[in-house]
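Novice: Sharing upload.txt below, compact mmCIF, C-alpha atoms and all ligand atoms:
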# COMPACT_ATOMS: atom_id res chain seq x y z
CA MET P 10 23.68 -4.27 11.24
CA THR P 11 24.37 -2.11 8.25
CA LYS P 12 21.37 -0.53 6.69
CA THR P 13 20.94 -1.62 3.08
CA LYS P 14 19.25 0.85 0.81
CA HIS P 15 16.29 -0.44 -1.14
CA PRO P 16 16.74 -0.43 -4.90
CA ILE P 17 14.59 1.97 -6.91
CA TYR P 18 11.38 0.09 -7.70
CA LEU P 19 10.46 0.34 -11.38
CA ASP P 20 8.49 -2.87 -11.85
CA TYR P 21 4.92 -1.66 -11.23
CA GLN P 22 3.43 -4.07 -13.79
CA ALA P 23 4.67 -7.09 -11.81
CA THR P 24 3.11 -5.79 -8.63
CA THR P 25 2.62 -2.56 -6.71
CA PRO P 26 3.37 -1.68 -3.09
CA LEU P 27 0.37 -1.84 -0.78
CA ASP P 28 -0.95 1.68 -0.24
CA PRO P 29 -0.77 2.40 3.52
CA ARG P 30 -4.34 3.75 3.35
CA VAL P 31 -5.41 0.31 2.10
CA LEU P 32 -3.63 -1.51 4.92
CA ASP P 33 -5.31 0.72 7.53
CA THR P 34 -8.77 -0.39 6.43
CA MET P 35 -7.74 -4.07 6.26
CA MET P 36 -6.23 -4.39 9.74
CA PRO P 37 -9.45 -4.65 11.83
CA TYR P 38 -10.59 -7.59 9.68
CA PHE P 39 -7.54 -9.61 10.73
CA THR P 40 -8.22 -9.03 14.42
CA GLU P 41 -11.45 -7.98 16.12
CA LYS P 42 -13.68 -8.24 13.03
CA PHE P 43 -12.66 -11.83 12.41
CA GLY P 44 -16.11 -13.25 11.67
CA ASN P 45 -17.05 -15.51 8.80
CA PRO P 46 -18.92 -13.24 6.35
CA HIS P 47 -21.17 -16.17 5.42
CA ALA P 48 -22.28 -16.80 9.01
CA THR P 49 -25.65 -15.08 9.16
CA ASN P 50 -26.74 -15.81 12.73
CA HIS P 51 -24.62 -13.41 14.74
CA ARG P 52 -22.93 -10.07 14.87
CA PHE P 53 -19.46 -11.40 14.04
CA GLY P 54 -20.73 -12.66 10.71
CA TRP P 55 -22.76 -9.49 9.99
CA GLU P 56 -19.77 -7.27 10.71
CA ALA P 57 -17.54 -9.18 8.30
CA GLU P 58 -20.32 -9.31 5.71
CA ALA P 59 -20.79 -5.53 5.96
CA GLY P 60 -17.10 -5.05 5.15
CA VAL P 61 -17.37 -7.40 2.18
CA GLN P 62 -20.51 -5.68 0.89
CA LEU P 63 -19.00 -2.19 1.10
CA ALA P 64 -15.95 -3.51 -0.76
CA ARG P 65 -18.18 -4.98 -3.46
CA GLU P 66 -19.81 -1.56 -3.91
CA GLN P 67 -16.43 0.16 -4.06
CA VAL P 68 -15.21 -2.19 -6.80
CA ALA P 69 -18.49 -1.73 -8.70
CA ASN P 70 -18.36 2.09 -8.35
CA LEU P 71 -14.93 2.28 -9.94
CA ILE P 72 -16.23 0.69 -13.14
CA GLY P 73 -19.82 1.95 -13.25
CA ALA P 74 -21.25 -1.48 -12.45
CA GLY P 75 -23.78 -2.78 -9.95
CA SER P 76 -22.44 -4.49 -6.82
CA GLU P 77 -24.35 -7.68 -7.75
CA GLU P 78 -22.19 -7.83 -10.89
CA ILE P 79 -18.95 -8.31 -8.90
CA ILE P 80 -17.65 -11.77 -7.94
CA PHE P 81 -14.64 -11.89 -5.63
CA THR P 82 -11.79 -14.23 -6.60
CA SER P 83 -8.16 -14.87 -5.65
CA GLY P 84 -6.84 -12.68 -8.46
CA ALA P 85 -6.94 -12.02 -12.17
CA THR P 86 -5.58 -15.50 -12.92
CA GLU P 87 -8.63 -17.09 -11.34
CA SER P 88 -10.99 -14.50 -12.86
CA ASN P 89 -9.59 -15.22 -16.32
CA ASN P 90 -9.96 -18.97 -15.79
CA ILE P 91 -13.60 -18.59 -14.69
CA ALA P 92 -14.40 -16.20 -17.53
CA LEU P 93 -12.84 -18.33 -20.25
CA LYS P 94 -13.41 -21.92 -19.16
CA GLY P 95 -16.57 -21.28 -17.14
CA LEU P 96 -18.31 -19.39 -19.92
CA ALA P 97 -17.09 -21.75 -22.65
CA TYR P 98 -18.34 -24.82 -20.72
CA SER P 99 -21.68 -23.12 -20.05
CA LEU P 100 -22.31 -22.65 -23.78
CA TYR P 101 -20.99 -26.03 -24.94
CA PRO P 102 -21.86 -27.80 -27.24
CA ASP P 103 -23.96 -25.09 -28.96
CA LYS P 104 -20.82 -22.99 -29.16
CA ASN P 105 -17.31 -24.38 -29.32
CA HIS P 106 -15.10 -21.51 -30.49
CA ILE P 107 -13.07 -18.87 -28.65
CA ILE P 108 -11.25 -15.86 -30.08
CA THR P 109 -8.30 -14.28 -28.30
CA ALA P 110 -5.04 -12.50 -29.19
CA MET P 111 -1.48 -13.79 -29.37
CA THR P 112 -0.33 -11.15 -26.86
CA GLU P 113 -2.59 -12.13 -23.96
CA HIS P 114 -1.33 -12.96 -20.47
CA SER P 115 -0.22 -16.56 -20.04
CA CYS P 116 -3.24 -17.40 -17.85
CA VAL P 117 -5.56 -16.54 -20.75
CA LEU P 118 -3.44 -18.38 -23.31
CA GLU P 119 -3.10 -21.45 -21.06
CA SER P 120 -6.86 -21.45 -20.38
CA CYS P 121 -7.37 -21.47 -24.15
CA LYS P 122 -4.96 -24.37 -24.56
CA SER P 123 -6.86 -26.25 -21.87
CA LEU P 124 -10.10 -25.61 -23.77
CA GLU P 125 -8.47 -26.86 -26.97
CA ARG P 126 -7.62 -30.12 -25.18
CA SER P 127 -11.33 -30.36 -24.25
CA GLY P 128 -12.37 -30.04 -27.89
CA PHE P 129 -12.81 -26.28 -28.33
CA LYS P 130 -11.38 -24.39 -31.28
CA VAL P 131 -9.40 -21.25 -30.55
CA THR P 132 -8.45 -18.43 -32.91
CA TYR P 133 -5.33 -16.56 -31.76
CA LEU P 134 -5.47 -13.19 -33.53
CA PRO P 135 -2.11 -11.71 -34.55
CA VAL P 136 -1.24 -8.11 -33.71
CA ASP P 137 0.41 -5.41 -35.82
CA ALA P 138 3.79 -3.80 -35.03
CA ASP P 139 1.98 -1.52 -32.57
CA GLY P 140 0.70 -4.54 -30.64
CA LEU P 141 -2.94 -4.01 -31.63
CA ILE P 142 -5.36 -6.48 -33.18
CA ARG P 143 -7.04 -5.59 -36.48
CA LEU P 144 -10.76 -5.09 -36.01
CA ASP P 145 -11.61 -6.47 -39.46
CA GLU P 146 -9.73 -9.67 -38.59
CA LEU P 147 -11.77 -9.96 -35.40
CA THR P 148 -15.02 -9.47 -37.32
CA ASP P 149 -13.98 -12.11 -39.86
CA ALA P 150 -13.05 -14.61 -37.15
CA ILE P 151 -16.49 -14.58 -35.48
CA THR P 152 -18.74 -17.49 -36.48
CA ALA P 153 -22.12 -18.82 -35.32
CA LYS P 154 -20.13 -21.17 -33.06
CA THR P 155 -18.17 -18.44 -31.27
CA ALA P 156 -18.82 -18.45 -27.52
CA LEU P 157 -16.46 -15.73 -26.39
CA VAL P 158 -13.97 -13.09 -27.45
CA SER P 159 -11.22 -12.41 -24.89
CA ILE P 160 -8.93 -9.43 -25.55
CA MET P 161 -7.00 -7.66 -22.78
CA THR P 162 -7.47 -3.93 -22.24
CA LEU P 163 -3.89 -2.92 -21.41
CA ASN P 164 -0.93 -5.14 -22.22
CA ASN P 165 1.25 -5.95 -19.21
CA GLU P 166 4.49 -6.17 -21.19
CA ILE P 167 4.34 -3.25 -23.62
CA GLY P 168 1.58 -1.04 -22.17
CA VAL P 169 -0.51 -0.73 -25.33
CA LEU P 170 -4.27 -0.18 -25.13
CA GLN P 171 -6.60 -2.23 -27.31
CA ASP P 172 -9.76 -0.46 -28.52
CA VAL P 173 -12.15 -2.24 -26.13
CA LYS P 174 -15.01 0.07 -27.08
CA ALA P 175 -14.86 -0.95 -30.75
CA ILE P 176 -14.20 -4.61 -29.89
CA GLY P 177 -17.25 -4.61 -27.62
CA GLU P 178 -19.41 -3.14 -30.37
CA ILE P 179 -18.30 -5.83 -32.81
CA CYS P 180 -19.07 -8.56 -30.27
CA ALA P 181 -22.45 -7.09 -29.36
CA ALA P 182 -23.44 -6.88 -33.02
CA SER P 183 -22.77 -10.62 -33.34
CA GLN P 184 -24.21 -11.45 -29.91
CA VAL P 185 -20.91 -12.92 -28.76
CA ALA P 186 -19.78 -12.40 -25.17
CA PHE P 187 -16.75 -10.13 -24.71
CA HIS P 188 -14.28 -10.68 -21.88
CA THR P 189 -11.37 -8.39 -21.16
CA ASP P 190 -8.44 -8.94 -18.81
CA ALA P 191 -8.23 -5.46 -17.29
CA ALA P 192 -5.70 -6.30 -14.56
CA GLN P 193 -3.35 -3.56 -15.77
CA ALA P 194 -6.01 -1.06 -16.81
CA ILE P 195 -8.49 -0.80 -13.99
CA GLY P 196 -7.96 2.17 -11.70
CA LYS P 197 -5.48 3.67 -14.17
CA ILE P 198 -7.71 4.58 -17.09
CA PRO P 199 -11.47 5.25 -16.89
CA LEU P 200 -13.51 2.12 -17.67
CA ASP P 201 -17.27 2.61 -17.49
CA MET P 202 -19.39 -0.50 -17.96
CA ALA P 203 -22.37 1.72 -18.86
CA ASN P 204 -20.57 2.90 -22.01
CA LEU P 205 -18.66 -0.22 -23.00
CA ASN P 206 -20.02 -3.51 -24.32
CA ILE P 207 -17.92 -5.55 -21.93
CA ASP P 208 -19.63 -8.67 -20.55
CA LEU P 209 -16.87 -9.99 -18.30
CA MET P 210 -13.86 -8.18 -16.89
CA SER P 211 -10.98 -9.49 -14.79
CA ILE P 212 -9.54 -7.39 -11.98
CA SER P 213 -6.41 -7.90 -9.85
CA SER P 214 -5.93 -6.20 -6.50
CA HIS P 215 -2.14 -6.17 -6.32
CA LYS P 216 -1.73 -4.18 -9.54
CA ILE P 217 -3.63 -1.25 -7.99
CA TYR P 218 -1.87 -0.95 -4.61
CA GLY P 219 -4.08 -3.56 -2.94
CA PRO P 220 -3.17 -6.90 -1.32
CA LYS P 221 -1.91 -9.89 -3.32
CA GLY P 222 -4.05 -13.01 -3.68
CA MET P 223 -7.21 -11.01 -4.33
CA GLY P 224 -9.20 -10.08 -7.40
CA ALA P 225 -12.64 -9.84 -8.89
CA LEU P 226 -14.62 -10.76 -11.96
CA TYR P 227 -17.25 -8.39 -13.32
CA ILE P 228 -20.14 -10.26 -14.96
CA ARG P 229 -22.76 -8.18 -16.76
CA ASN P 230 -26.31 -8.75 -15.54
CA ASN P 231 -28.12 -7.83 -18.70
CA PRO P 232 -27.94 -9.73 -21.04
CA ALA P 233 -27.62 -12.48 -18.47
CA ILE P 234 -24.59 -14.69 -18.99
CA TRP P 235 -23.34 -17.03 -16.34
CA PRO P 236 -20.16 -19.12 -16.37
CA LEU P 237 -20.14 -22.66 -15.04
CA ALA P 238 -18.47 -22.84 -11.62
CA LEU P 239 -14.98 -24.34 -11.75
CA PHE P 240 -15.18 -25.72 -8.25
CA ASP P 241 -17.93 -26.85 -5.97
CA GLY P 242 -18.68 -26.21 -2.33
CA GLY P 243 -20.80 -24.00 -0.12
CA GLY P 244 -22.11 -21.94 -3.02
CA GLN P 245 -20.61 -18.58 -2.04
CA GLU P 246 -20.45 -15.77 -4.60
CA ARG P 247 -23.80 -16.80 -6.09
CA GLY P 248 -22.60 -20.35 -6.54
CA LEU P 249 -19.79 -19.34 -8.85
CA ARG P 250 -16.93 -19.29 -6.40
CA SER P 251 -17.34 -21.50 -3.37
CA GLY P 252 -15.10 -20.98 -0.38
CA THR P 253 -15.02 -18.56 2.55
CA LEU P 254 -14.12 -15.05 1.45
CA SER P 255 -11.31 -13.22 3.21
CA PRO P 256 -12.98 -10.00 4.44
CA ALA P 257 -9.58 -8.36 4.97
CA LEU P 258 -8.58 -8.99 1.35
CA CYS P 259 -12.00 -7.92 0.05
CA VAL P 260 -11.83 -4.70 2.07
CA GLY P 261 -8.28 -4.13 0.77
CA LEU P 262 -9.39 -4.44 -2.84
CA GLY P 263 -12.41 -2.21 -2.13
CA THR P 264 -10.28 0.54 -0.62
CA ALA P 265 -7.71 0.21 -3.42
CA CYS P 266 -10.53 0.73 -5.95
CA LYS P 267 -11.95 3.70 -4.04
CA ILE P 268 -8.54 5.39 -3.85
CA SER P 269 -7.75 4.65 -7.50
CA GLY P 270 -11.03 6.25 -8.52
CA GLN P 271 -10.45 9.33 -6.36
CA ASP P 272 -6.79 9.74 -7.33
CA MET P 273 -6.96 8.70 -10.98
CA GLY P 274 -6.42 12.19 -12.35
CA LYS P 275 -3.64 12.96 -9.91
CA ASP P 276 -1.91 9.58 -10.42
CA SER P 277 -2.20 9.91 -14.16
CA ASP P 278 -0.67 13.42 -14.25
CA HIS P 279 2.17 12.32 -11.98
CA ILE P 280 2.95 9.13 -13.91
CA THR P 281 2.69 10.84 -17.31
CA MET P 282 5.09 13.57 -16.18
CA LEU P 283 7.63 11.03 -14.91
CA SER P 284 7.27 8.83 -17.98
CA GLU P 285 7.87 11.76 -20.34
CA LYS P 286 10.84 12.89 -18.30
CA LEU P 287 12.44 9.44 -18.31
CA THR P 288 11.80 8.96 -22.02
CA SER P 289 13.26 12.33 -22.97
CA LEU P 290 16.34 11.82 -20.79
CA ILE P 291 17.02 8.38 -22.28
CA MET P 292 16.20 9.34 -25.86
CA GLY P 293 18.15 12.59 -25.53
CA LYS P 294 21.38 10.94 -24.36
CA LEU P 295 21.34 7.63 -26.23
CA THR P 296 21.08 6.56 -29.84
CA GLY P 297 19.67 3.21 -30.91
CA VAL P 298 16.73 3.26 -28.49
CA HIS P 299 13.24 2.17 -29.56
CA LEU P 300 9.97 2.22 -27.64
CA ASN P 301 8.25 -1.13 -28.25
CA GLY P 302 4.55 -1.02 -29.16
CA SER P 303 2.25 1.83 -30.17
CA LYS P 304 3.54 5.33 -29.44
CA GLU P 305 0.04 6.78 -29.06
CA LYS P 306 -2.31 4.08 -27.82
CA ARG P 307 -0.52 3.37 -24.59
CA TYR P 308 -0.42 3.79 -20.85
CA PRO P 309 2.56 6.00 -19.91
CA GLY P 310 3.41 4.04 -16.74
CA ASN P 311 4.58 1.08 -18.83
CA LEU P 312 7.61 1.73 -21.03
CA ASN P 313 9.23 -1.13 -22.93
CA PHE P 314 12.52 -0.14 -24.58
CA PHE P 315 14.74 -1.97 -27.03
CA PHE P 316 18.35 -0.82 -26.58
CA GLU P 317 20.40 -1.83 -29.64
CA GLY P 318 23.32 -4.07 -28.75
CA VAL P 319 22.62 -4.14 -24.99
CA LYS P 320 21.34 -7.42 -23.61
CA ALA P 321 18.85 -7.09 -20.76
CA ASP P 322 20.91 -9.57 -18.70
CA SER P 323 24.05 -7.44 -18.94
CA LEU P 324 22.06 -4.32 -18.17
CA PHE P 325 20.49 -5.87 -15.07
CA ARG P 326 23.95 -6.89 -13.86
CA GLU P 327 25.03 -3.24 -14.09
CA LEU P 328 21.83 -1.87 -12.59
CA ARG P 329 21.74 -3.73 -9.28
CA ASN P 330 20.23 -0.68 -7.63
CA ILE P 331 17.15 -0.56 -9.84
CA ALA P 332 14.36 -3.15 -9.89
CA LEU P 333 13.48 -3.67 -13.55
CA SER P 334 12.21 -6.56 -15.61
CA THR P 335 12.16 -7.94 -19.12
CA GLY P 336 8.40 -7.92 -19.17
CA SER P 337 6.69 -11.00 -17.90
CA ALA P 338 7.16 -11.99 -14.28
CA CYS P 339 5.00 -15.00 -14.99
CA ALA P 340 7.30 -16.47 -17.63
CA THR P 341 10.52 -16.31 -15.64
CA GLU P 342 10.40 -20.08 -14.98
CA LYS P 343 10.84 -20.76 -18.68
CA PRO P 344 13.40 -18.45 -20.26
CA GLU P 345 11.72 -18.33 -23.65
CA PRO P 346 11.69 -15.08 -25.60
CA SER P 347 8.63 -12.94 -24.83
CA HIS P 348 5.60 -14.04 -26.88
CA VAL P 349 4.39 -10.43 -26.85
CA LEU P 350 7.58 -8.95 -28.30
CA SER P 351 7.76 -11.68 -30.94
CA ALA P 352 4.11 -11.05 -31.85
CA ILE P 353 4.91 -7.39 -32.62
CA GLY P 354 7.71 -8.57 -34.92
CA LEU P 355 10.88 -8.33 -32.85
CA ASN P 356 13.52 -11.00 -33.49
CA LYS P 357 15.25 -13.01 -30.77
CA LYS P 358 18.21 -10.60 -30.52
CA GLN P 359 15.95 -7.56 -30.26
CA ILE P 360 13.86 -9.26 -27.59
CA GLU P 361 16.98 -10.07 -25.56
CA CYS P 362 17.84 -6.37 -25.68
CA SER P 363 14.43 -5.14 -24.45
CA ILE P 364 13.42 -4.16 -20.93
CA ARG P 365 10.24 -2.93 -19.28
CA ILE P 366 10.22 0.10 -16.98
CA GLY P 367 7.16 0.44 -14.75
CA ILE P 368 6.32 3.77 -13.10
CA GLY P 369 3.64 4.12 -10.44
CA ARG P 370 1.96 6.16 -7.73
CA MET P 371 4.93 6.03 -5.35
CA THR P 372 7.66 6.75 -7.92
CA THR P 373 9.44 10.06 -7.27
CA ILE P 374 11.11 12.53 -9.58
CA VAL P 375 14.42 11.94 -7.77
CA GLU P 376 14.15 8.21 -8.48
CA ILE P 377 13.48 8.90 -12.17
CA ASP P 378 16.49 11.22 -12.40
CA GLN P 379 18.73 8.65 -10.71
CA ALA P 380 17.36 5.75 -12.76
CA ALA P 381 17.80 7.64 -16.04
CA ASP P 382 21.34 8.53 -15.07
CA GLN P 383 22.26 4.95 -14.17
CA ILE P 384 20.56 3.43 -17.21
CA ILE P 385 22.35 5.83 -19.55
CA THR P 386 25.76 5.31 -17.89
CA SER P 387 25.37 1.53 -17.91
CA ILE P 388 24.32 1.37 -21.54
CA LEU P 389 27.23 3.57 -22.63
CA LYS P 390 29.57 1.36 -20.60
CA ILE P 391 28.23 -1.88 -22.05
CA ARG P 392 28.33 -0.51 -25.59
CA ALA P 393 31.91 0.72 -25.10
CA SER P 394 32.95 -2.78 -24.04
CA LEU P 395 31.46 -4.50 -27.11
C1 LIG A 401 -0.88 -9.62 -13.09
C2 LIG A 401 -1.76 -9.99 -14.24
C3 LIG A 401 -2.55 -11.13 -14.20
C4 LIG A 401 -2.55 -12.08 -13.04
O1 LIG A 401 -3.13 -11.47 -11.93
P1 LIG A 401 -3.03 -12.17 -10.47
O2 LIG A 401 -3.94 -11.33 -9.65
O3 LIG A 401 -1.59 -12.05 -10.08
O4 LIG A 401 -3.49 -13.57 -10.63
C5 LIG A 401 -3.35 -11.40 -15.29
N1 LIG A 401 -3.37 -10.58 -16.36
C6 LIG A 401 -2.62 -9.48 -16.44
C7 LIG A 401 -2.68 -8.60 -17.64
C8 LIG A 401 -1.78 -9.14 -15.38
O5 LIG A 401 -1.03 -8.04 -15.46
Just dump the structure as structure tokens.

Specialist:
Amino acid sequence: MTKTKHPIYLDYQATTPLDPRVLDTMMPYFTEKFGNPHATNHRFGWEAEAGVQLAREQVANLIGAGSEEIIFTSGATESNNIALKGLAYSLYPDKNHIITAMTEHSCVLESCKSLERSGFKVTYLPVDADGLIRLDELTDAITAKTALVSIMTLNNEIGVLQDVKAIGEICAASQVAFHTDAAQAIGKIPLDMANLNIDLMSISSHKIYGPKGMGALYIRNNPAIWPLALFDGGGQERGLRSGTLSPALCVGLGTACKISGQDMGKDSDHITMLSEKLTSLIMGKLTGVHLNGSKEKRYPGNLNFFFEGVKADSLFRELRNIALSTGSACATEKPEPSHVLSAIGLNKKQIECSIRIGIGRMTTIVEIDQAADQIITSILKIRASL
């Protein structure tokens, strides 16, 4: 058998490799520590429950929360569904209005559409060319009927950071709950629930080097808000999320959070260095390149470039040795132009010529040099053939 070389992985917003340190802590929970964490009569159950409880504390520690404020879920998609639908249903009919942004992840936007079909009103705030909502527009949109504001912390397509501190203050002043989808942000930038007026926050394990199919929802204790459960059963997770937890997945998320907290400074320096290197190589050798979204309010590990005249499809055909994406892994079933790039004002042609480059913990300087080289060569080749 011939050994095939793996392509260079530059799609860290779609998912991240499992950190080997995470896998090590998960393994015993697949084998000898196989107990049901909800079985309270014997050692097998206690052992599994101890793993789950430590994981809950590790998730809470990363965000300055209490462990009783963490609900385990199957991922950020489920957390977003519980936060949006569960909270909206719990406040209905006193409140019947939701505010979100046009650039949210599809699971937030689709949850909002589902709520609209159930009779809720939804305001979809536009964003400016930087990809950021206007705070005065948010303030103006809030009414006495508003149940919830849901604005993501870090955009998965263009890497821009909304001002969640200011958004939280606006919501708190109006006594409206604030939910943020922090799937891309947690573990990468500091997020301290003690200093932010965030009431609900969605977390995904596989974006921070943990296992797929795992996530969490932070729900602030004080003031007490409590979403309606979306499904019924044994009443696990304080009645909000019935079903037997997977201790191995919980432990994986917990370790991923612990490592992300410990290594945040190191990861951030590494990723910033690589991001700046890649950007300067590309910008230095090519004309007609634009970074989509805010230049300042962004996470450096997510670069979304518009290359004039170079369709992403043609570029991907040239770059078979690099794993890149156009932005949203979740929208690949329906080849519509990115709703995020159109919201920041790009036209169809410009969107077709945009790609996302994701850099992460395991990316090396050699990979960045090679990727820059191949991207530049391919773009020059495609442009020469036009
Ligand atoms: C990946 C992602 C999700 C979905 O998370 P899953 O854990 O895969 O369900 C939701 N929101 C954002 C911003 C994401 O990046």

Novice: Padding of 8 Å on every side, edges along x, y and z, all listed atoms of region 22-27 of chain P included: what centre and edge lengths in Å, to one decimal, does that box have, as JSON?

Specialist:
{"center_x": 2.5, "center_y": -4.4, "center_z": -7.3, "size_x": 20.3, "size_y": 21.4, "size_z": 29.0}

Novice: Enumerate, in order of chain and increasing residue number, the residues of chain P with an atom no farther than 7 Å from ligand LIG 401 (chain A), each with its shortest atom pair and distance in Å to one decimal, counting all atoms listed in the file, as a Markdown table.

Specialist:
| residue | atom | partner | partner_atom | distance |
| --- | --- | --- | --- | --- |
| P:Gln22 | CA | A:LIG401 | O5 | 6.2 |
| P:Ala23 | CA | A:LIG401 | C1 | 6.2 |
| P:Ser83 | CA | A:LIG401 | O2 | 6.8 |
| P:Gly84 | CA | A:LIG401 | O2 | 3.4 |
| P:Ala85 | CA | A:LIG401 | O1 | 3.9 |
| P:Thr86 | CA | A:LIG401 | O4 | 3.7 |
| P:Glu87 | CA | A:LIG401 | O4 | 6.3 |
| P:His114 | CA | A:LIG401 | N1 | 5.2 |
| P:Cys116 | CA | A:LIG401 | C5 | 6.5 |
| P:Met161 | CA | A:LIG401 | C7 | 6.8 |
| P:Leu163 | CA | A:LIG401 | C7 | 6.9 |
| P:Asn164 | CA | A:LIG401 | C7 | 6.0 |
| P:Asn165 | CA | A:LIG401 | O5 | 4.9 |
| P:Asp190 | CA | A:LIG401 | N1 | 5.9 |
| P:Ala191 | CA | A:LIG401 | C7 | 6.4 |
| P:Ala192 | CA | A:LIG401 | C6 | 4.8 |
| P:Gln193 | CA | A:LIG401 | O5 | 5.1 |
| P:Ser213 | CA | A:LIG401 | O2 | 4.2 |
| P:Ser214 | CA | A:LIG401 | O2 | 6.3 |
| P:His215 | CA | A:LIG401 | O2 | 6.4 |
| P:Lys216 | CA | A:LIG401 | C1 | 6.6 |
| P:Lys221 | CA | A:LIG401 | O2 | 6.8 |
| P:Gly222 | CA | A:LIG401 | O2 | 6.2 |
| P:Met223 | CA | A:LIG401 | O2 | 6.3 |
| P:Gly224 | CA | A:LIG401 | O2 | 5.9 |

Novice: Using all atoms listed in the file, pick whichever of P:Gly293, P:Phe81, P:Ser394, P:Tyr308 has the shortest atom-to-atom distance to Ser277 (chain P).

Specialist: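 Closest to Ser277 (chain P), using all atoms listed in the file: P:Tyr308.
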
Novice: Given only C-alpha atoms as the basis, pick out the residue of P:Leu27, P:Val61, P:Ala181, P:Ile80 nearest to Tyr227 (chain P).

Specialist: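 Comparing P:Leu27, P:Val61, P:Ala181, P:Ile80 against Tyr227 (chain P), the winner is P:Ile80.
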
Novice: Pick out the residues sitting within 8 Å of Gly128 (chain P), and hand them over as a ChimeraX atom specification; count only C-alpha atoms, and ignore anything fewer than 3 positions along from it in its own chain.

Specialist: /P:105,124-125

Novice: Suppose we keep C-alpha atoms; can you now write the selection as a CSV table (one decimal), in the coordinates of the input?

Specialist:
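Printed below is again_0.csv as written:
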chain,number,residue,atom,x,y,z
P,105,ASN,CA,-17.3,-24.4,-29.3
P,124,LEU,CA,-10.1,-25.6,-23.8
P,125,GLU,CA,-8.5,-26.9,-27.0

Novice: Quick one: residues within 7 Å of Phe187 (chain P), only C-alpha atoms counted, chain neighbours fewer than 3 positions away excluded, as a list in words?

Specialist: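 Result of the neighbour search: Leu157, Val158, Ser159, Gly177, Cys180, Ile207, Asp208 and Leu209 of chain P.
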
Novice: CA of Lys122 (chain P) and CA of Thr109 (chain P) are how many Å apart?

Specialist: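 Between CA of Lys122 (chain P) and CA of Thr109 (chain P) the gap is 11.3 Å.
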
Novice: What is the CA of Arg143 (chain P)-CA of Val349 (chain P) distance in Å, reported with one decimal?

Specialist: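 Interatomic distance, CA of Arg143 (chain P) to CA of Val349 (chain P): 15.7 Å.
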
Novice: Which residues are near Trp235 (chain P)? Cut-off 8 Å, all atoms listed in the file, ignore same chain within fewer than 2 positions. Put them as a PyMOL selection string.

Specialist: chain P and resi 96+99+228+233+237

Novice: With only C-alpha atoms as the basis for distance, which of P:Pro16, P:Ala48, P:Leu226, P:Ala57 is at the shortest distance from Ser255 (chain P)?

Specialist: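 Among the listed residues, P:Ala57 lies closest to Ser255 (chain P).
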
Novice: Find the spatial neighbours of Asn301 (chain P), counting only C-alpha atoms, within a cut-off of 7 Å - ignore same-chain residues fewer than 6 positions away - and output them as a list in words.

Specialist: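 After dropping sequence-adjacent residues, the list is Ile167, Asn313, Phe314 and Phe315 of chain P.
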
Novice: Quick one: pull the distance between CA of Ser127 (chain P) and CA of Ile108 (chain P), Å, one decimal.

Specialist: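 CA of Ile108 (chain P) lies at a distance of 15.6 Å from CA of Ser127 (chain P).
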
Novice: Ranking P:Ser363, P:Ser347, P:Glu376, P:Gln67 by minimum distance to Met111 (chain P) and counting only C-alpha atoms, which one comes first?

Specialist: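 Closest to Met111 (chain P), using only C-alpha atoms: P:Ser347.
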
Novice: List the neighbours of Phe43 (chain P) out to 12 Å using only C-alpha atoms; skip same-chain residues closer than 3 positions along the sequence, and give me the result as a short mmCIF file (atom, residue, chain, number, x, y, z; two decimals) with C-alpha atoms, in the coordinates of the input.

Specialist:
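What follows is the written file around27.cif:
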data_model
loop_
_atom_site.label_atom_id
_atom_site.label_comp_id
_atom_site.auth_asym_id
_atom_site.auth_seq_id
_atom_site.Cartn_x
_atom_site.Cartn_y
_atom_site.Cartn_z
CA MET P 35 -7.74 -4.07 6.26
CA MET P 36 -6.23 -4.39 9.74
CA PRO P 37 -9.45 -4.65 11.83
CA TYR P 38 -10.59 -7.59 9.68
CA PHE P 39 -7.54 -9.61 10.73
CA THR P 40 -8.22 -9.03 14.42
CA PRO P 46 -18.92 -13.24 6.35
CA HIS P 47 -21.17 -16.17 5.42
CA ALA P 48 -22.28 -16.80 9.01
CA ARG P 52 -22.93 -10.07 14.87
CA PHE P 53 -19.46 -11.40 14.04
CA GLY P 54 -20.73 -12.66 10.71
CA TRP P 55 -22.76 -9.49 9.99
CA GLU P 56 -19.77 -7.27 10.71
CA ALA P 57 -17.54 -9.18 8.30
CA GLU P 58 -20.32 -9.31 5.71
CA GLY P 60 -17.10 -5.05 5.15
CA LEU P 254 -14.12 -15.05 1.45
CA SER P 255 -11.31 -13.22 3.21
CA PRO P 256 -12.98 -10.00 4.44
CA ALA P 257 -9.58 -8.36 4.97
#

Novice: Name the closest residue to Asp139 (chain P) among the candidates P:Gly168, P:Gly95, P:Pro236, P:Gly297; distances are taken between atoms, counting only C-alpha atoms.

Specialist: P:Gly168

Novice: Using only C-alpha atoms, can you tell me which of P:Ile377, P:Arg326, P:Arg365, P:Lys358 comes closest to Glu285 (chain P)?

Specialist: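 Of the candidates, the smallest distance to Glu285 (chain P) is held by P:Ile377.
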